[in-house]
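Let me begin by presenting the structure, written as structure tokens, before commenting on it.
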Amino acid sequence: MRTRYLRSGIVASVLAAAMSVTTLLSVEARAQDFPTKPVTLIVPWPAGGSTDITLRAIAEVASKHLGQPIVIENKAGGNGTVGPATMAASAKPDGYTIAQIPITVFRLPMMQQTTWDADKDFTYIVHLTGYTFGVTASAEGPFKTWKDVVDYAKANPGKVTYASPGAGGSLHIGMEQVAAKDGIKLTMVPFKGGAETNAAVLGQHTMLQADSTGWKPLVDAGKLRLLMLWTAERSPNYPNVPTLKELGYPFVFDSPFGLAGPKGMDPKVVKVLHDAFKKAIDDPSIKATLAKYDMVANYKNTEDYVKFVKEVTDSERKVVDSLGLGKKTN
Amino acid sequence: MRIDNTELWSGLAGLALSAFVVWSGYTLGLGSINDPGSGYVMFYAGLLMILFSLIILYSAIKDGGPTFLSLWRNVLWTKPLIVIALLIAFTLLFETLGFLVSTIILLIALLRVIDPVAWSRAIPIAILVPLVAWYVLQKLLLIQLPSGAFGIG
Amino acid sequence: METLNLVAQGFGVALQPINLLHCFIGVFIGTLVGVLPGIGPVSAMSLLLPVTLAGTPESGIIMMAGIYYGAMYGGSTTSILVNIPGEAASVVTCIDGHQMAKQGRAGPALGISALGSFIAGTFAIILLMLIAPRLAEIAIAFGPAEYFSLMVLGLVMLTFLTQGSMAKALLMACLGLVLGLVGLDSINAQPRLTFGSIHFIDGIGIVPLVMGLFGVAEVLYNTEQSLKREVVSANISNMFPNKDDWKRSAGPIGRGTVLGFFLGVLPGGGAVVSTFASYALEKRLSSYPERFGKGVIEGVAGPEAANNAAAGGAFIPLMTLGIPPNVVMALLLGAFIIHGLQPGPLMIAQNPKLFWGIIASMYIGNLMLLVLNLPLIGMWVRLLKLPYNVLFPLILLFTIIGVYASGNNVFDIYVMIFFGITGYFMRKFGFEPAPLVLAFVLGPLLENNLRKALILSQGDLATFLQRPISAACLIIAVGLLLSPMLPTIRKKREVVALDSEAS
């Protein structure tokens, strides 16, 4: 079914439109007792991927501090940009609709025409954590190590395909950088998140999968082989799996993410949301959940997050340009 | 062949729509065969639509079809118009008046317009049904409905 | 033997009073949201998910699952009674189901869909018990090329749904496909056909589309009829299917179950495809295909069995691979995870009690649904005795509620009105809405998978013929297209005659 279905259930968010006669005073009053109804958190990935799982856990705890339920709305597509783009375009900045902001939101506008401007169209709330990325292959396939892949790609130029959640994602960019270093070609096939990339590599429709830790249960069950991780250090969960650095690539990719709402949110509302989510990622149960997925809390407050967005945009521009993926019109 | 043949105009409308789809697909970009673009499928779907529209046109010219007049003869064509107008008016006022008030008004209007139901029946129906619906949605299924400027419901 | 042991253990879990209660609440809510058009299991499940956190994982998941298959039961009710499909999977049921109601046979139609659903649901659970792990292979055997070909086959089967002009049906199917592409391109986030409006960024919602084309259009079309006062025949003959109905339905239910179960395993549009695959199959096998679309019970029994069996099949990729095949399953996955469980290849081995408990509860839940639904049939049928001037306003009210509740967005109501007007004219000019809606659901899958398949094959179209499953789908599709060529030409005169008669 289509993701759009999901919107079905999910309540409230856009509803504040009903209060059409908004005076400054009443806004003030409403900001004071925010939230009075469920908050919708848009997760721009399909349910069941690692982002979805961790955000659901975080939202569960945050909702206790918020005093209102947080309803997760999965709005996948465009490599994690469709959700935030839709929110920026259509949601009211009342704090009842917020979205996860993956790094692609900053990067995609550099690569093509988009409907949003990462600097202007969002109110950044809090920075939460980052992903652990890895490359897997089917256990029934020929690849046992990353070296096998490189050798095969050299012998069969253009034949190696990998499933990844969409063009311009950190995984796409990362794989491009790895390929560029070895002088090989890896063909990216865009899928819609962890559930689909898992199925693609399991069924050997693609040779590899480059994704965040949604592959964990399948790797643990021995159905997929984890070839490498993109973390700085080896993961305690997979002590035998080498990192990019150990394989001779001078990169670490973690693709950090946080939360934001549409532009023009009341700072008081932002603070309420920030506090609730800050408490959530400090919660020991969340720390444990994150660790299960090899993620580490990476808290930044509202101010630092905004600064961070600037830095990321600058560094991303360099990477995108160096790979020749930049928007042609610029 | 008659010019008020509805089949003919169905075909022409289909043709216009297909042309728009083909053009949209083309402007969105066809991409290449090894990396099809956003407009690739739309473009070819549009071409197929042109084909089917032409078939409709062909059989309209060859076999004819019902006329506009025959389709709207002996019908109360004002009724659908009134219903549409009522629905649009309802939608405009829905969030301002709130769920309960607006649906009750809409129901009364519809009950009296389509084929008048006696007031003694129309009023209880128009009040009870929205109330029950509101209770089930808002209280049992936790679905939020607009309460409107008066805060009723 | 070991399986039997595990099943017994599962029933031990499912029969605990607390789990029985949760199962009942689940199927009850499921029936409720299934009957309300537009409000699907997704709404109810996502809102009630937090509520389930209080109990044990078993009872929470038993309840969520109950909502899902319970909604599948109720989904056909409005299709049959008032020609409004509650969801894409019951569009096909409208075609013959509503015709039956018009002929005073709403009781048998509802009865066969409840009993057919029960049989299909139960059978699907048994299959699930016996071969779940092995079927996981089917789910992953379908890559982009296979999906594309399956969708092509699906679109070809759409032509079986129509009784009128083939060209018109195909034009509508293409239009549906294009409408399905509106919104941001899921591969590169390009806006398509949004006309610069933010409301279309998210695409056109299926609920307003269906409610407009079926519900509103139906009412508009009927309000202008000054003479035909009866929506449905007043003399309602009998409540339950008679012996002859049963004899004719047995085959369709059996075949529908098998089709639904296996197609339901596939992530994506499996359940929807299975409903009209079943319809096409029955029409093809029938000795009186010309009566399809005019109220034959086979056209209800087959598709209804298929969509309920598909609901069972859909559990397989989730339970065995952790891959949710549809949005509802994704929500269920969320429920597992919030309860600290990770569905995947290891789950059945690590949590046998939970897995078998859920399966057993589905068996019990199906029984509850049957007991719950059979007495309701009488009530539904009585609803049809409402005079049309009361029924029409109520239908409009419920379509509005369904559309609004599905997205909390007033714009969707305008979309519904727009498609209501469109549907009114389509009906006037002899275009049928069913192919449009089904292509609308399948179109985006077709597009997305075609593009992925071509990226994978580096633009080599032969990939669709080299892969066996894909080739098989395409061969069947071509066969279906060619085989009825002769009869259609012969039947053409008949159809034209009918058309002019209608005018």
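Numbering starts fresh at 1 for the residues of each chain in the structure tokens, the chains themselves are lettered A, B, ... in the order given, and ligands are numbered from 1 as they appear.
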Each chain B residue no farther than 12 Å from chain A, nearest pair in Å, only C-alpha atoms, as a tab-separated table:
residue	atom	partner	partner_atom	distance
B:Leu28	CA	A:Gln113	CA	11.8
B:Asn34	CA	A:Thr187	CA	10.9
B:Asp35	CA	A:Val189	CA	9.7
B:Pro36	CA	A:Val189	CA	11.9
B:Ser38	CA	A:Gly78	CA	11.9
B:Leu92	CA	A:Ala18	CA	11.3
B:Leu93	CA	A:Ala18	CA	10.1
B:Phe94	CA	A:Ala18	CA	8.8
B:Glu95	CA	A:Ala18	CA	5.0
B:Thr96	CA	A:Ala18	CA	6.3
B:Leu97	CA	A:Ala18	CA	9.1
B:Gly98	CA	A:Ala18	CA	8.1
B:Phe99	CA	A:Ala18	CA	10.6
B:Leu137	CA	A:Val11	CA	11.4
B:Gln138	CA	A:Val11	CA	10.7
B:Leu141	CA	A:Gly9	CA	10.0
B:Leu142	CA	A:Val11	CA	8.4
B:Ile143	CA	A:Val11	CA	6.2
B:Gln144	CA	A:Ala12	CA	5.8
B:Leu145	CA	A:Ala12	CA	7.9
B:Pro146	CA	A:Ala18	CA	6.4
B:Ser147	CA	A:Ala18	CA	7.9
B:Gly148	CA	A:Ala18	CA	6.3
B:Ala149	CA	A:Met19	CA	7.0
B:Phe150	CA	A:Met19	CA	10.5
B:Gly151	CA	A:Met19	CA	10.2
>> Give me the residues near B:Ile33 as a ChimeraX atom specification, where near means some atom within 8 Å (using only C-alpha atoms) and where sequence neighbours in that chain fewer than 4 positions away do not count.
In response: /C:454,458-460
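With distances taken over only C-alpha atoms, B:Leu71 is the one residue among B:Leu100, B:Val132, B:Leu86, B:Leu71 lying closest to chain C.
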>> Can you pull out every residue from stretch 87-141 of chain A that DSSP, working from the backbone, puts in strand (DSSP E), and format the result as a PyMOL selection string?
In response: chain A and resi 97-101+122-130+133-138
>> Using Å and a single decimal, report how far atom CA of B:Leu106 sits from atom CA of B:Ile84.
In response: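 Atom-to-atom, atom CA of B:Ile84 and atom CA of B:Leu106 are spaced 11.6 Å apart.
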> Suppose you want the space between atom CA of B:Ala118 and atom CA of C:Ile417; what is it in Å?
Replying inline: 27.1 Å
Report the closest atom pair, with its distance in Å rounded to one decimal, for each residue of chain C that has an atom no farther than 6 Å from chain A; count only C-alpha atoms, sort by chain and then rising residue number, and write it as CSV.
residue,atom,partner,partner_atom,distance
C:Val42,CA,A:Gly9,CA,5.7
C:Ser43,CA,A:Gly9,CA,3.1
C:Ile140,CA,A:Gly203,CA,4.6
C:Ala141,CA,A:Gly203,CA,5.4
C:Gly143,CA,A:His205,CA,5.6
C:Ser186,CA,A:Gly77,CA,4.4
C:Ile187,CA,A:Gly78,CA,5.2
C:Asn188,CA,A:Gly78,CA,4.9
C:Ala189,CA,A:Gly78,CA,4.3
C:Ile198,CA,A:Ala89,CA,5.7
C:Gly268,CA,A:Met1,CA,5.7
C:Ile323,CA,A:Ala195,CA,5.1
C:Asn326,CA,A:Met1,CA,5.4
C:Ala330,CA,A:Ala47,CA,5.1
C:Gly344,CA,A:Pro217,CA,5.8
C:Ser406,CA,A:Ser8,CA,3.8
C:Gly407,CA,A:Ser8,CA,4.5
Grab the residues selected above and save them as an mmCIF file, in the first residue's frame with all heavy atoms.
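Result file again_11.cif:
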data_model
loop_
_atom_site.group_PDB
_atom_site.id
_atom_site.type_symbol
_atom_site.label_atom_id
_atom_site.label_comp_id
_atom_site.auth_asym_id
_atom_site.auth_seq_id
_atom_site.Cartn_x
_atom_site.Cartn_y
_atom_site.Cartn_z
ATOM 1 N N VAL C 42 -5.585 1.106 9.510
ATOM 2 C CA VAL C 42 -4.366 1.859 9.805
ATOM 3 C C VAL C 42 -4.639 2.950 10.837
ATOM 4 O O VAL C 42 -3.890 3.121 11.800
ATOM 5 C CB VAL C 42 -3.798 2.472 8.513
ATOM 6 C CG1 VAL C 42 -2.583 3.299 8.827
ATOM 7 C CG2 VAL C 42 -3.447 1.386 7.531
ATOM 8 N N SER C 43 -5.740 3.679 10.630
ATOM 9 C CA SER C 43 -6.080 4.739 11.586
ATOM 10 C C SER C 43 -6.223 4.153 12.980
ATOM 11 O O SER C 43 -5.592 4.600 13.932
ATOM 12 C CB SER C 43 -7.419 5.389 11.255
ATOM 13 O OG SER C 43 -7.625 5.452 9.893
ATOM 14 N N ILE C 140 10.760 -12.915 -1.211
ATOM 15 C CA ILE C 140 11.999 -12.296 -1.687
ATOM 16 C C ILE C 140 12.340 -12.693 -3.118
ATOM 17 O O ILE C 140 13.235 -12.121 -3.718
ATOM 18 C CB ILE C 140 13.187 -12.598 -0.747
ATOM 19 C CG1 ILE C 140 13.348 -14.098 -0.562
ATOM 20 C CG2 ILE C 140 12.994 -11.890 0.585
ATOM 21 C CD1 ILE C 140 14.638 -14.451 0.146
ATOM 22 N N ALA C 141 11.609 -13.681 -3.654
ATOM 23 C CA ALA C 141 11.867 -14.045 -5.046
ATOM 24 C C ALA C 141 11.398 -12.949 -5.997
ATOM 25 O O ALA C 141 11.794 -12.899 -7.150
ATOM 26 C CB ALA C 141 11.165 -15.354 -5.391
ATOM 27 N N GLY C 143 11.661 -9.515 -7.287
ATOM 28 C CA GLY C 143 12.463 -8.299 -7.378
ATOM 29 C C GLY C 143 11.738 -7.314 -8.264
ATOM 30 O O GLY C 143 10.603 -7.552 -8.673
ATOM 31 N N SER C 186 8.963 9.131 -5.886
ATOM 32 C CA SER C 186 9.566 8.467 -4.731
ATOM 33 C C SER C 186 11.025 8.110 -4.969
ATOM 34 O O SER C 186 11.718 7.702 -4.065
ATOM 35 C CB SER C 186 8.776 7.207 -4.374
ATOM 36 O OG SER C 186 8.834 6.295 -5.438
ATOM 37 N N ILE C 187 11.509 8.270 -6.185
ATOM 38 C CA ILE C 187 12.920 7.964 -6.419
ATOM 39 C C ILE C 187 13.797 9.203 -6.261
ATOM 40 O O ILE C 187 14.839 9.159 -5.644
ATOM 41 C CB ILE C 187 13.102 7.289 -7.801
ATOM 42 C CG1 ILE C 187 12.585 5.850 -7.704
ATOM 43 C CG2 ILE C 187 14.568 7.314 -8.232
ATOM 44 C CD1 ILE C 187 12.745 5.023 -8.933
ATOM 45 N N ASN C 188 13.357 10.343 -6.793
ATOM 46 C CA ASN C 188 14.229 11.511 -6.672
ATOM 47 C C ASN C 188 13.538 12.762 -6.134
ATOM 48 O O ASN C 188 14.069 13.866 -6.238
ATOM 49 C CB ASN C 188 14.902 11.814 -8.016
ATOM 50 C CG ASN C 188 13.865 12.081 -9.090
ATOM 51 O OD1 ASN C 188 12.699 12.342 -8.775
ATOM 52 N ND2 ASN C 188 14.254 12.009 -10.335
ATOM 53 N N ALA C 189 12.350 12.595 -5.536
ATOM 54 C CA ALA C 189 11.662 13.694 -4.864
ATOM 55 C C ALA C 189 11.313 14.866 -5.788
ATOM 56 O O ALA C 189 11.189 15.991 -5.347
ATOM 57 C CB ALA C 189 12.455 14.187 -3.664
ATOM 58 N N ILE C 198 0.643 22.845 -2.782
ATOM 59 C CA ILE C 198 1.208 22.016 -1.725
ATOM 60 C C ILE C 198 0.325 20.813 -1.428
ATOM 61 O O ILE C 198 0.777 19.810 -0.928
ATOM 62 C CB ILE C 198 1.407 22.827 -0.425
ATOM 63 C CG1 ILE C 198 0.131 23.578 -0.077
ATOM 64 C CG2 ILE C 198 2.564 23.762 -0.562
ATOM 65 C CD1 ILE C 198 0.124 24.128 1.318
ATOM 66 N N GLY C 268 3.688 -5.179 -1.158
ATOM 67 C CA GLY C 268 3.101 -4.313 -2.178
ATOM 68 C C GLY C 268 1.654 -4.667 -2.433
ATOM 69 O O GLY C 268 0.940 -5.086 -1.537
ATOM 70 N N ILE C 323 10.091 -8.296 7.270
ATOM 71 C CA ILE C 323 9.817 -7.365 6.178
ATOM 72 C C ILE C 323 8.307 -7.154 6.093
ATOM 73 O O ILE C 323 7.571 -8.077 5.752
ATOM 74 C CB ILE C 323 10.351 -7.912 4.845
ATOM 75 C CG1 ILE C 323 11.871 -7.987 4.907
ATOM 76 C CG2 ILE C 323 9.892 -7.044 3.678
ATOM 77 C CD1 ILE C 323 12.490 -8.667 3.717
ATOM 78 N N ASN C 326 2.927 -4.526 3.865
ATOM 79 C CA ASN C 326 2.040 -3.389 3.639
ATOM 80 C C ASN C 326 2.045 -2.501 4.871
ATOM 81 O O ASN C 326 2.716 -2.797 5.857
ATOM 82 C CB ASN C 326 0.618 -3.860 3.294
ATOM 83 C CG ASN C 326 0.022 -4.730 4.388
ATOM 84 O OD1 ASN C 326 0.271 -4.519 5.569
ATOM 85 N ND2 ASN C 326 -0.758 -5.710 3.994
ATOM 86 N N ALA C 330 3.440 -2.998 8.700
ATOM 87 C CA ALA C 330 4.495 -2.136 9.217
ATOM 88 C C ALA C 330 4.127 -1.639 10.608
ATOM 89 O O ALA C 330 4.969 -1.550 11.503
ATOM 90 C CB ALA C 330 4.736 -0.969 8.263
ATOM 91 N N GLY C 344 11.769 -11.453 12.607
ATOM 92 C CA GLY C 344 12.843 -11.775 11.681
ATOM 93 C C GLY C 344 12.997 -13.277 11.666
ATOM 94 O O GLY C 344 12.196 -13.986 12.273
ATOM 95 N N SER C 406 -9.780 10.178 7.479
ATOM 96 C CA SER C 406 -8.621 9.465 6.965
ATOM 97 C C SER C 406 -7.393 10.362 6.845
ATOM 98 O O SER C 406 -6.287 9.874 6.802
ATOM 99 C CB SER C 406 -8.927 8.848 5.608
ATOM 100 O OG SER C 406 -9.009 9.854 4.639
ATOM 101 N N GLY C 407 -7.571 11.671 6.804
ATOM 102 C CA GLY C 407 -6.397 12.514 6.661
ATOM 103 C C GLY C 407 -6.459 13.793 7.470
ATOM 104 O O GLY C 407 -5.509 14.562 7.492
#
> Near A:Val320, within 9 Å and counting only C-alpha atoms, which residues show up once chain neighbours fewer than 2 positions away are dropped, as an MDAnalysis selection string?
Replying inline: chainID A and resid 107 110:111 168 173 315:318 322:326
>> For a test of reading the model, state the distance in Å between atom CA of C:Leu481 and atom CA of B:Phe52, rounded to one decimal.
In response: 15.0 Å
Chain C residues within 6 Å of chain B, counting only C-alpha atoms: which ones, as a PDB file with N, CA, C and O atoms, in the first residue's frame?
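The new file part-v6.pdb reads:
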ATOM      1  N   ALA C 167     -11.938  -0.175 -24.807  1.00  0.00           N
ATOM      2  CA  ALA C 167     -11.106   1.013 -24.970  1.00  0.00           C
ATOM      3  C   ALA C 167     -11.347   1.998 -23.834  1.00  0.00           C
ATOM      4  O   ALA C 167     -10.414   2.595 -23.298  1.00  0.00           O
ATOM      5  N   LEU C 171      -8.615   3.193 -21.190  1.00  0.00           N
ATOM      6  CA  LEU C 171      -8.334   4.624 -21.044  1.00  0.00           C
ATOM      7  C   LEU C 171      -8.414   5.016 -19.564  1.00  0.00           C
ATOM      8  O   LEU C 171      -7.563   5.728 -19.038  1.00  0.00           O
ATOM      9  N   CYS C 174      -5.337   3.764 -17.669  1.00  0.00           N
ATOM     10  CA  CYS C 174      -4.165   4.619 -17.871  1.00  0.00           C
ATOM     11  C   CYS C 174      -4.307   5.900 -17.057  1.00  0.00           C
ATOM     12  O   CYS C 174      -3.349   6.387 -16.450  1.00  0.00           O
ATOM     13  N   LEU C 220     -25.166  11.350  -6.756  1.00  0.00           N
ATOM     14  CA  LEU C 220     -25.511  12.357  -7.764  1.00  0.00           C
ATOM     15  C   LEU C 220     -26.304  11.720  -8.899  1.00  0.00           C
ATOM     16  O   LEU C 220     -27.312  12.252  -9.364  1.00  0.00           O
ATOM     17  N   GLU C 224     -30.950  12.373  -9.659  1.00  0.00           N
ATOM     18  CA  GLU C 224     -31.610  12.972 -10.815  1.00  0.00           C
ATOM     19  C   GLU C 224     -32.640  12.037 -11.449  1.00  0.00           C
ATOM     20  O   GLU C 224     -33.390  12.444 -12.306  1.00  0.00           O
ATOM     21  N   GLN C 225     -32.639  10.785 -11.004  1.00  0.00           N
ATOM     22  CA  GLN C 225     -33.609   9.855 -11.556  1.00  0.00           C
ATOM     23  C   GLN C 225     -34.977  10.125 -10.937  1.00  0.00           C
ATOM     24  O   GLN C 225     -35.176   9.918  -9.758  1.00  0.00           O
ATOM     25  N   SER C 226     -35.897  10.594 -11.733  1.00  0.00           N
ATOM     26  CA  SER C 226     -37.198  10.924 -11.170  1.00  0.00           C
ATOM     27  C   SER C 226     -38.085   9.690 -11.053  1.00  0.00           C
ATOM     28  O   SER C 226     -38.963   9.622 -10.226  1.00  0.00           O
ATOM     29  N   ASN C 389     -34.572   8.880   0.054  1.00  0.00           N
ATOM     30  CA  ASN C 389     -34.334  10.287   0.389  1.00  0.00           C
ATOM     31  C   ASN C 389     -33.736  10.460   1.786  1.00  0.00           C
ATOM     32  O   ASN C 389     -33.276  11.528   2.152  1.00  0.00           O
ATOM     33  N   PRO C 393     -28.679  11.241   1.806  1.00  0.00           N
ATOM     34  CA  PRO C 393     -27.975  12.185   2.689  1.00  0.00           C
ATOM     35  C   PRO C 393     -27.035  11.474   3.660  1.00  0.00           C
ATOM     36  O   PRO C 393     -25.920  11.943   3.898  1.00  0.00           O
ATOM     37  N   ARG C 451      11.322   1.296 -13.272  1.00  0.00           N
ATOM     38  CA  ARG C 451      12.553   2.099 -13.256  1.00  0.00           C
ATOM     39  C   ARG C 451      13.687   1.366 -12.560  1.00  0.00           C
ATOM     40  O   ARG C 451      14.828   1.379 -13.028  1.00  0.00           O
ATOM     41  N   LEU C 454      15.008  -1.437 -14.768  1.00  0.00           N
ATOM     42  CA  LEU C 454      15.832  -0.981 -15.886  1.00  0.00           C
ATOM     43  C   LEU C 454      17.196  -0.503 -15.403  1.00  0.00           C
ATOM     44  O   LEU C 454      18.201  -0.670 -16.096  1.00  0.00           O
ATOM     45  N   ILE C 455      17.242   0.080 -14.209  1.00  0.00           N
ATOM     46  CA  ILE C 455      18.551   0.458 -13.659  1.00  0.00           C
ATOM     47  C   ILE C 455      19.382  -0.815 -13.446  1.00  0.00           C
ATOM     48  O   ILE C 455      20.557  -0.887 -13.796  1.00  0.00           O
ATOM     49  N   GLN C 458      20.575  -2.397 -16.611  1.00  0.00           N
ATOM     50  CA  GLN C 458      21.276  -1.421 -17.445  1.00  0.00           C
ATOM     51  C   GLN C 458      20.548  -1.192 -18.758  1.00  0.00           C
ATOM     52  O   GLN C 458      21.146  -1.154 -19.826  1.00  0.00           O
ATOM     53  N   GLY C 459      19.234  -1.065 -18.647  1.00  0.00           N
ATOM     54  CA  GLY C 459      18.451  -0.695 -19.816  1.00  0.00           C
ATOM     55  C   GLY C 459      18.112  -1.848 -20.734  1.00  0.00           C
ATOM     56  O   GLY C 459      17.548  -1.642 -21.807  1.00  0.00           O
ATOM     57  N   SER C 503     -29.361   4.355 -22.964  1.00  0.00           N
ATOM     58  CA  SER C 503     -29.585   5.775 -23.196  1.00  0.00           C
ATOM     59  C   SER C 503     -31.048   5.991 -23.517  1.00  0.00           C
ATOM     60  O   SER C 503     -31.547   7.040 -23.550  1.00  0.00           O
TER      61      SER C 503
END
> Which neighbours of C:Gly116 fall inside 9 Å, counting only C-alpha atoms, when residues of the same chain fewer than 5 positions from it are skipped, and could you give them as a list of chain:residue names?
Replying inline: C:Gly111, C:Gly121, C:Ser249, C:Ala250, C:Ile253, C:Gly254, C:Thr257, C:Ala301, C:Gly302, C:Glu304, C:Ala305, C:Asn308
Using all heavy atoms, can you write the selected residues to a file as a compact mmCIF listing (two decimals), in the first residue's frame?
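This went into selection.txt:
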# COMPACT_ATOMS: atom_id res chain seq x y z
N GLY C 111 -23.91 -12.63 3.33
CA GLY C 111 -23.71 -13.93 3.97
C GLY C 111 -22.53 -14.66 3.34
O GLY C 111 -21.65 -15.16 4.05
N GLY C 121 -10.16 -17.18 5.69
CA GLY C 121 -9.31 -16.75 6.79
C GLY C 121 -8.77 -17.95 7.55
O GLY C 121 -7.57 -18.02 7.85
N SER C 249 -20.68 -21.05 -5.13
CA SER C 249 -19.62 -20.29 -4.48
C SER C 249 -18.45 -21.15 -4.04
O SER C 249 -17.37 -20.63 -3.79
CB SER C 249 -20.18 -19.58 -3.24
OG SER C 249 -21.21 -18.72 -3.62
N ALA C 250 -18.68 -22.45 -3.90
CA ALA C 250 -17.63 -23.30 -3.32
C ALA C 250 -16.32 -23.18 -4.10
O ALA C 250 -15.26 -22.93 -3.51
CB ALA C 250 -18.12 -24.74 -3.28
N ILE C 253 -14.61 -19.72 -3.78
CA ILE C 253 -14.01 -19.50 -2.46
C ILE C 253 -12.68 -20.25 -2.36
O ILE C 253 -11.67 -19.71 -1.92
CB ILE C 253 -14.97 -19.94 -1.33
CG1 ILE C 253 -16.15 -18.97 -1.25
CG2 ILE C 253 -14.25 -19.99 0.01
CD1 ILE C 253 -17.19 -19.34 -0.23
N GLY C 254 -12.69 -21.49 -2.84
CA GLY C 254 -11.46 -22.28 -2.78
C GLY C 254 -10.35 -21.65 -3.60
O GLY C 254 -9.24 -21.44 -3.11
N THR C 257 -9.17 -18.33 -2.16
CA THR C 257 -8.32 -18.49 -0.99
C THR C 257 -6.87 -18.73 -1.39
O THR C 257 -5.95 -18.09 -0.88
CB THR C 257 -8.81 -19.68 -0.14
OG1 THR C 257 -10.17 -19.45 0.21
CG2 THR C 257 -7.99 -19.83 1.11
N ALA C 301 -18.06 -14.02 -3.93
CA ALA C 301 -17.43 -15.06 -3.12
C ALA C 301 -15.92 -15.13 -3.37
O ALA C 301 -15.13 -15.15 -2.42
CB ALA C 301 -18.08 -16.41 -3.42
N GLY C 302 -15.51 -15.14 -4.65
CA GLY C 302 -14.10 -15.29 -4.98
C GLY C 302 -13.24 -14.16 -4.43
O GLY C 302 -12.34 -14.38 -3.62
N GLU C 304 -13.85 -11.87 -2.23
CA GLU C 304 -13.88 -11.71 -0.78
C GLU C 304 -13.02 -12.75 -0.09
O GLU C 304 -12.33 -12.45 0.88
CB GLU C 304 -15.33 -11.79 -0.27
CG GLU C 304 -16.05 -10.47 -0.33
CD GLU C 304 -15.31 -9.38 0.45
OE1 GLU C 304 -15.04 -9.60 1.65
OE2 GLU C 304 -14.99 -8.34 -0.14
N ALA C 305 -13.08 -13.98 -0.59
CA ALA C 305 -12.21 -15.02 -0.03
C ALA C 305 -10.76 -14.62 -0.25
O ALA C 305 -9.92 -14.74 0.64
CB ALA C 305 -12.51 -16.36 -0.68
N ASN C 308 -9.43 -11.88 2.18
CA ASN C 308 -9.22 -12.36 3.54
C ASN C 308 -8.07 -13.33 3.66
O ASN C 308 -7.35 -13.32 4.65
CB ASN C 308 -10.50 -12.99 4.09
CG ASN C 308 -11.44 -11.93 4.62
OD1 ASN C 308 -11.32 -11.52 5.76
ND2 ASN C 308 -12.31 -11.44 3.76
